[in-house]
Amino acid sequence: MDVTEILESHKAQFKPITVEKLVPLDLDINLLSAFDTNALDEKTLKNNNKVEKYLLDLTRDNTQLIVNELFKLPVNSTDVGVLAQLPERTTALPREKPLPKDKPLTRWEKFAKAKGIQNKKRERMVFNEETGEYEPRWGYKAKDKDQLEDDWLLPVPDHVDPMEDQYAKAREAKKARVEKNLKRQRRNEEERTAATLAGKKDIKEFKKNELETAIAASKKATASLGKFDAKLKGETKMKGVTHQFSPTIGDVKAEKNSSLDILNKIVGKSDILNTDKAARLQAKKRDAANFEAKKKRK
């Protein structure tokens, strides 16, 4: 039985896997993308009856080229199935946001780096020999959280008042430790913020300049603008804006040139004088002089 005609008719229903392009596509298999730089057929695009089929065929051909390249890649057999090894990415995609800046080191991190100390991660769960169970080292139901309530007897140290409440003393010590840790945490946050604002400058110098600026601003809040305020220890005088005044008696020629410069700035580059305005000003001065003269005569 000859089935050649049947196979040929069945094969004709599908398009071939070979695609010919005038300009080869720019393929990035890592992103499963293809960039077609070939010119589009403008006549077909203007024809509403053929534009949809034209774009569909174009997309199919470009997709076929991507699939052909995928089958050329080396493959690995895994539990999931046969997977292809994608090559390195060739298209550089822009970042949405800039690269994050390195966080400044805390005091402990600087000390550990200088001494070569490496932090060892402690496990959260600790075995309690008294209860025979594992308890968390910190947080809810921590091992040392309710230690004072569990200890029914506390030893009294030597050279202390025997009537002193050791439970209250232990609670105060724990409260002081918590306050100390919170204070250190706030200090580290302030130093981190200052380091971010200062950039490459010294943090101490940045804080000093910031404090001097704040003191100078507070000095200006008094009625005398800080003129009669007492100076603080180590306070330096802030440099302000200096004004230069010309002498009252000087060279007549220099004064004339200065007046002409001022006139040029007022009048403008065209050197056109507004005669009407000058006449009004002169009349106003004359009227004022006449009024003063009449007032004196009366």
# chains A, B, ... in the order shown; residues from 1 in each chain; ligands from 1

call {"tool": "select_by_dssp", "arguments": {"residues": "stretch 112-156 of chain A", "states": "strand (DSSP E or B)", "output": "PyMOL selection string"}}
result
chain A and resi 125-128+133-136

call {"tool": "write_last_selection", "arguments": {"atoms": "N, CA, C and O atoms", "output": "compact mmCIF listing (two decimals), in the first residue's frame"}}
result
# COMPACT_ATOMS: atom_id res chain seq x y z
N MET A 125 17.31 28.15 69.55
CA MET A 125 16.82 27.23 70.57
C MET A 125 17.98 26.76 71.45
O MET A 125 19.06 26.42 70.96
N VAL A 126 17.75 26.78 72.77
CA VAL A 126 18.76 26.38 73.76
C VAL A 126 18.15 25.30 74.66
O VAL A 126 16.97 25.38 75.04
N PHE A 127 18.96 24.29 75.00
CA PHE A 127 18.47 23.20 75.84
C PHE A 127 18.52 23.63 77.30
O PHE A 127 19.55 24.07 77.81
N ASN A 128 17.38 23.52 77.96
CA ASN A 128 17.28 23.84 79.38
C ASN A 128 17.40 22.55 80.17
O ASN A 128 16.56 21.65 80.08
N GLU A 133 13.91 20.53 78.17
CA GLU A 133 13.28 20.90 76.91
C GLU A 133 14.08 22.02 76.25
O GLU A 133 14.86 22.72 76.92
N TYR A 134 13.88 22.17 74.95
CA TYR A 134 14.51 23.26 74.21
C TYR A 134 13.65 24.51 74.32
O TYR A 134 12.43 24.47 74.13
N GLU A 135 14.30 25.62 74.66
CA GLU A 135 13.61 26.89 74.82
C GLU A 135 14.30 27.95 73.95
O GLU A 135 15.51 27.87 73.71
N PRO A 136 13.55 28.95 73.49
CA PRO A 136 14.18 30.00 72.66
C PRO A 136 15.14 30.85 73.49
O PRO A 136 14.92 31.09 74.67

call {"tool": "residues_around", "arguments": {"residues": "stretch 166-168 of chain A", "least_positions_apart": "3", "cutoff": "9 Å", "atoms": "only C-alpha atoms", "output": "PyMOL selection string"}}
result
chain A and resi 148+154-156+163+171-173

call {"tool": "residues_around", "arguments": {"residues": "stretch 59-67 of chain A", "least_positions_apart": "3", "cutoff": "9 Å", "atoms": "only C-alpha atoms", "output": "list in words"}}
result
Ile17, Thr18, Val19, Glu20, Leu25, Leu27, Asp28, Ile29, Leu32, Ser33, Ala34, Phe35, Asp36, Tyr54, Leu55, Leu56, Leu70, Phe71 and Lys72 of chain A

call {"tool": "atom_distance", "arguments": {"atom1": "atom CA of A:Arg89", "atom2": "atom CA of A:Asp26"}}
result
12.4 Å

call {"tool": "select_by_dssp", "arguments": {"residues": "stretch 45-220 of chain A", "states": "helix (DSSP H, G or I)", "output": "short mmCIF file (atom, residue, chain, number, x, y, z; two decimals) with C-alpha atoms, in the first residue's frame"}}
result
data_model
loop_
_atom_site.label_atom_id
_atom_site.label_comp_id
_atom_site.auth_asym_id
_atom_site.auth_seq_id
_atom_site.Cartn_x
_atom_site.Cartn_y
_atom_site.Cartn_z
CA LEU A 45 -0.28 47.04 6.29
CA LYS A 46 -2.62 49.52 4.60
CA VAL A 51 -2.89 43.10 7.81
CA GLU A 52 -3.94 40.64 10.54
CA LYS A 53 -2.81 37.56 8.59
CA TYR A 54 0.42 39.30 7.59
CA LEU A 55 1.36 40.12 11.22
CA LEU A 56 0.37 36.62 12.37
CA ASP A 57 2.61 34.98 9.74
CA LEU A 58 5.47 37.32 10.64
CA THR A 59 5.18 36.46 14.32
CA ARG A 60 5.02 32.74 13.53
CA ASP A 61 8.22 32.87 11.43
CA ASN A 62 10.18 34.77 14.09
CA THR A 63 8.98 32.37 16.80
CA GLN A 64 10.05 29.44 14.62
CA LEU A 65 13.57 30.87 14.45
CA ILE A 66 13.72 31.08 18.26
CA VAL A 67 12.53 27.46 18.57
CA ASN A 68 15.16 26.34 16.05
CA GLU A 69 17.90 27.93 18.14
CA LEU A 70 16.54 26.29 21.33
CA ARG A 107 31.04 50.73 66.13
CA TRP A 108 31.00 47.02 66.89
CA GLU A 109 31.39 46.10 63.21
CA LYS A 110 34.39 48.46 62.92
CA PHE A 111 35.96 46.99 66.08
CA ALA A 112 35.35 43.40 64.92
CA LYS A 113 36.85 44.16 61.51
CA ALA A 114 39.95 45.73 63.09
CA LYS A 115 40.43 42.80 65.51
CA GLN A 147 14.54 33.66 85.53
CA LEU A 148 13.82 35.97 88.50
CA GLU A 149 10.35 34.52 88.96
CA ASP A 150 11.71 30.95 88.82
CA GLN A 166 18.02 41.41 95.71
CA TYR A 167 15.02 40.89 93.43
CA ALA A 168 14.48 44.64 93.07
CA LYS A 169 18.21 45.12 92.51
CA ALA A 170 18.23 42.48 89.75
CA ARG A 171 15.19 44.07 88.10
CA GLU A 172 16.84 47.50 88.19
CA ALA A 173 20.03 46.03 86.67
CA LYS A 174 18.02 44.43 83.88
CA LYS A 175 16.16 47.70 83.25
CA ALA A 176 19.49 49.55 83.07
CA ARG A 177 20.81 47.03 80.54
CA VAL A 178 17.72 47.48 78.37
CA GLU A 179 18.06 51.28 78.50
CA LYS A 180 21.76 51.00 77.64
CA ASN A 181 21.01 48.82 74.61
CA LEU A 182 18.31 51.22 73.41
CA LYS A 183 20.69 54.15 73.83
CA ARG A 184 23.35 52.36 71.78
CA GLN A 185 20.78 51.52 69.12
CA ARG A 186 19.71 55.18 68.83
CA ARG A 187 23.35 56.27 68.67
CA ASN A 188 24.08 53.80 65.86
CA GLU A 189 21.05 55.00 63.90
CA GLU A 190 22.13 58.64 64.29
CA GLU A 191 25.67 57.84 63.18
CA ARG A 192 24.35 55.87 60.20
CA THR A 193 22.15 58.81 59.17
CA ALA A 194 25.03 61.27 59.63
CA ALA A 195 27.35 59.05 57.58
CA THR A 196 24.78 58.91 54.78
CA LEU A 197 24.42 62.70 54.73
CA ALA A 198 28.14 63.39 55.09
CA ILE A 203 31.34 61.99 60.54
CA LYS A 204 32.70 63.86 63.58
CA GLU A 205 33.54 66.92 61.48
CA PHE A 206 30.09 66.79 59.88
CA LYS A 207 28.40 66.64 63.31
CA LYS A 208 30.58 69.50 64.56
CA ASN A 209 29.66 71.75 61.63
CA GLU A 210 25.98 70.85 62.03
CA LEU A 211 26.10 71.73 65.74
CA GLU A 212 27.86 75.04 65.10
CA THR A 213 25.21 75.96 62.53
CA ALA A 214 22.42 75.15 65.00
CA ILE A 215 24.09 77.25 67.75
CA ALA A 216 24.53 80.19 65.39
CA ALA A 217 20.85 79.98 64.38
CA SER A 218 19.74 79.94 68.05
CA LYS A 219 21.92 82.97 68.81
#

call {"tool": "residues_around", "arguments": {"residues": "A:Gln85", "least_positions_apart": "6", "cutoff": "9 Å", "atoms": "only C-alpha atoms", "output": "list of chain:residue names"}}
result
A:Leu73, A:Pro74, A:Val75, A:Asn76

call {"tool": "atom_distance", "arguments": {"atom1": "atom CA of A:Trp138", "atom2": "atom CA of A:Asn119"}}
result
17.7 Å

call {"tool": "decode", "arguments": {"residues": "stretch 186-227 of chain A", "atoms": "N, CA and C atoms", "output": "short mmCIF file (atom, residue, chain, number, x, y, z; two decimals), in the first residue's frame"}}
result
data_model
loop_
_atom_site.label_atom_id
_atom_site.label_comp_id
_atom_site.auth_asym_id
_atom_site.auth_seq_id
_atom_site.Cartn_x
_atom_site.Cartn_y
_atom_site.Cartn_z
N ARG A 186 19.99 53.83 69.34
CA ARG A 186 19.71 55.18 68.83
C ARG A 186 20.98 55.86 68.34
N ARG A 187 22.09 55.66 69.08
CA ARG A 187 23.35 56.27 68.67
C ARG A 187 23.82 55.71 67.33
N ASN A 188 23.68 54.40 67.13
CA ASN A 188 24.08 53.80 65.86
C ASN A 188 23.22 54.30 64.71
N GLU A 189 21.93 54.48 64.95
CA GLU A 189 21.05 55.00 63.90
C GLU A 189 21.42 56.44 63.54
N GLU A 190 21.74 57.25 64.56
CA GLU A 190 22.13 58.64 64.29
C GLU A 190 23.44 58.70 63.52
N GLU A 191 24.40 57.85 63.90
CA GLU A 191 25.67 57.84 63.18
C GLU A 191 25.50 57.34 61.76
N ARG A 192 24.60 56.37 61.55
CA ARG A 192 24.35 55.87 60.20
C ARG A 192 23.73 56.97 59.34
N THR A 193 22.77 57.72 59.92
CA THR A 193 22.15 58.81 59.17
C THR A 193 23.16 59.91 58.86
N ALA A 194 24.02 60.24 59.85
CA ALA A 194 25.03 61.27 59.63
C ALA A 194 26.03 60.83 58.58
N ALA A 195 26.40 59.55 58.58
CA ALA A 195 27.35 59.05 57.58
C ALA A 195 26.74 59.10 56.19
N THR A 196 25.44 58.84 56.08
CA THR A 196 24.78 58.91 54.78
C THR A 196 24.74 60.34 54.25
N LEU A 197 24.48 61.30 55.15
CA LEU A 197 24.42 62.70 54.73
C LEU A 197 25.81 63.27 54.46
N ALA A 198 26.80 62.84 55.24
CA ALA A 198 28.14 63.39 55.09
C ALA A 198 28.83 62.88 53.84
N GLY A 199 28.49 61.67 53.41
CA GLY A 199 29.15 61.09 52.25
C GLY A 199 30.56 60.65 52.59
N LYS A 200 31.54 61.22 51.88
CA LYS A 200 32.94 60.86 52.11
C LYS A 200 33.59 61.70 53.21
N LYS A 201 32.89 62.67 53.79
CA LYS A 201 33.46 63.51 54.83
C LYS A 201 33.52 62.73 56.14
N ASP A 202 34.31 63.30 57.08
CA ASP A 202 34.41 62.70 58.40
C ASP A 202 33.11 62.92 59.16
N ILE A 203 32.63 61.88 59.84
CA ILE A 203 31.34 61.99 60.54
C ILE A 203 31.43 62.99 61.68
N LYS A 204 32.55 62.94 62.44
CA LYS A 204 32.70 63.86 63.58
C LYS A 204 32.76 65.30 63.11
N GLU A 205 33.47 65.55 62.02
CA GLU A 205 33.54 66.92 61.48
C GLU A 205 32.18 67.37 60.97
N PHE A 206 31.43 66.45 60.37
CA PHE A 206 30.09 66.79 59.88
C PHE A 206 29.17 67.15 61.05
N LYS A 207 29.22 66.35 62.13
CA LYS A 207 28.40 66.64 63.31
C LYS A 207 28.80 67.97 63.95
N LYS A 208 30.11 68.25 63.98
CA LYS A 208 30.58 69.50 64.56
C LYS A 208 30.06 70.70 63.78
N ASN A 209 30.16 70.65 62.46
CA ASN A 209 29.66 71.75 61.63
C ASN A 209 28.15 71.92 61.77
N GLU A 210 27.44 70.78 61.87
CA GLU A 210 25.98 70.85 62.03
C GLU A 210 25.61 71.49 63.37
N LEU A 211 26.37 71.15 64.43
CA LEU A 211 26.10 71.73 65.74
C LEU A 211 26.42 73.21 65.78
N GLU A 212 27.52 73.62 65.14
CA GLU A 212 27.86 75.04 65.10
C GLU A 212 26.80 75.83 64.34
N THR A 213 26.27 75.27 63.28
CA THR A 213 25.21 75.96 62.53
C THR A 213 23.95 76.12 63.37
N ALA A 214 23.61 75.07 64.14
CA ALA A 214 22.42 75.15 65.00
C ALA A 214 22.61 76.19 66.11
N ILE A 215 23.83 76.26 66.69
CA ILE A 215 24.09 77.25 67.75
C ILE A 215 24.01 78.65 67.18
N ALA A 216 24.58 78.87 66.00
CA ALA A 216 24.53 80.19 65.39
C ALA A 216 23.10 80.60 65.08
N ALA A 217 22.25 79.66 64.66
CA ALA A 217 20.85 79.98 64.38
C ALA A 217 20.11 80.33 65.67
N SER A 218 20.41 79.64 66.78
CA SER A 218 19.74 79.94 68.05
C SER A 218 20.19 81.28 68.61
N LYS A 219 21.43 81.68 68.33
CA LYS A 219 21.92 82.97 68.81
C LYS A 219 21.14 84.12 68.19
N LYS A 220 20.74 83.95 66.94
CA LYS A 220 20.02 85.02 66.24
C LYS A 220 18.58 85.17 66.71
N ALA A 221 18.12 84.27 67.61
CA ALA A 221 16.72 84.31 68.04
C ALA A 221 16.48 85.33 69.15
N THR A 222 17.54 85.90 69.74
CA THR A 222 17.36 86.88 70.81
C THR A 222 17.09 88.26 70.24
N ALA A 223 16.70 89.19 71.13
CA ALA A 223 16.37 90.54 70.68
C ALA A 223 17.59 91.28 70.14
N SER A 224 18.76 90.99 70.72
CA SER A 224 19.98 91.65 70.28
C SER A 224 20.70 90.89 69.17
N LEU A 225 20.03 89.84 68.64
CA LEU A 225 20.62 88.99 67.59
C LEU A 225 21.94 88.37 68.04
N GLY A 226 21.99 88.01 69.34
CA GLY A 226 23.16 87.32 69.87
C GLY A 226 24.34 88.22 70.18
N LYS A 227 24.17 89.55 70.15
CA LYS A 227 25.30 90.45 70.37
C LYS A 227 25.74 90.44 71.83
#
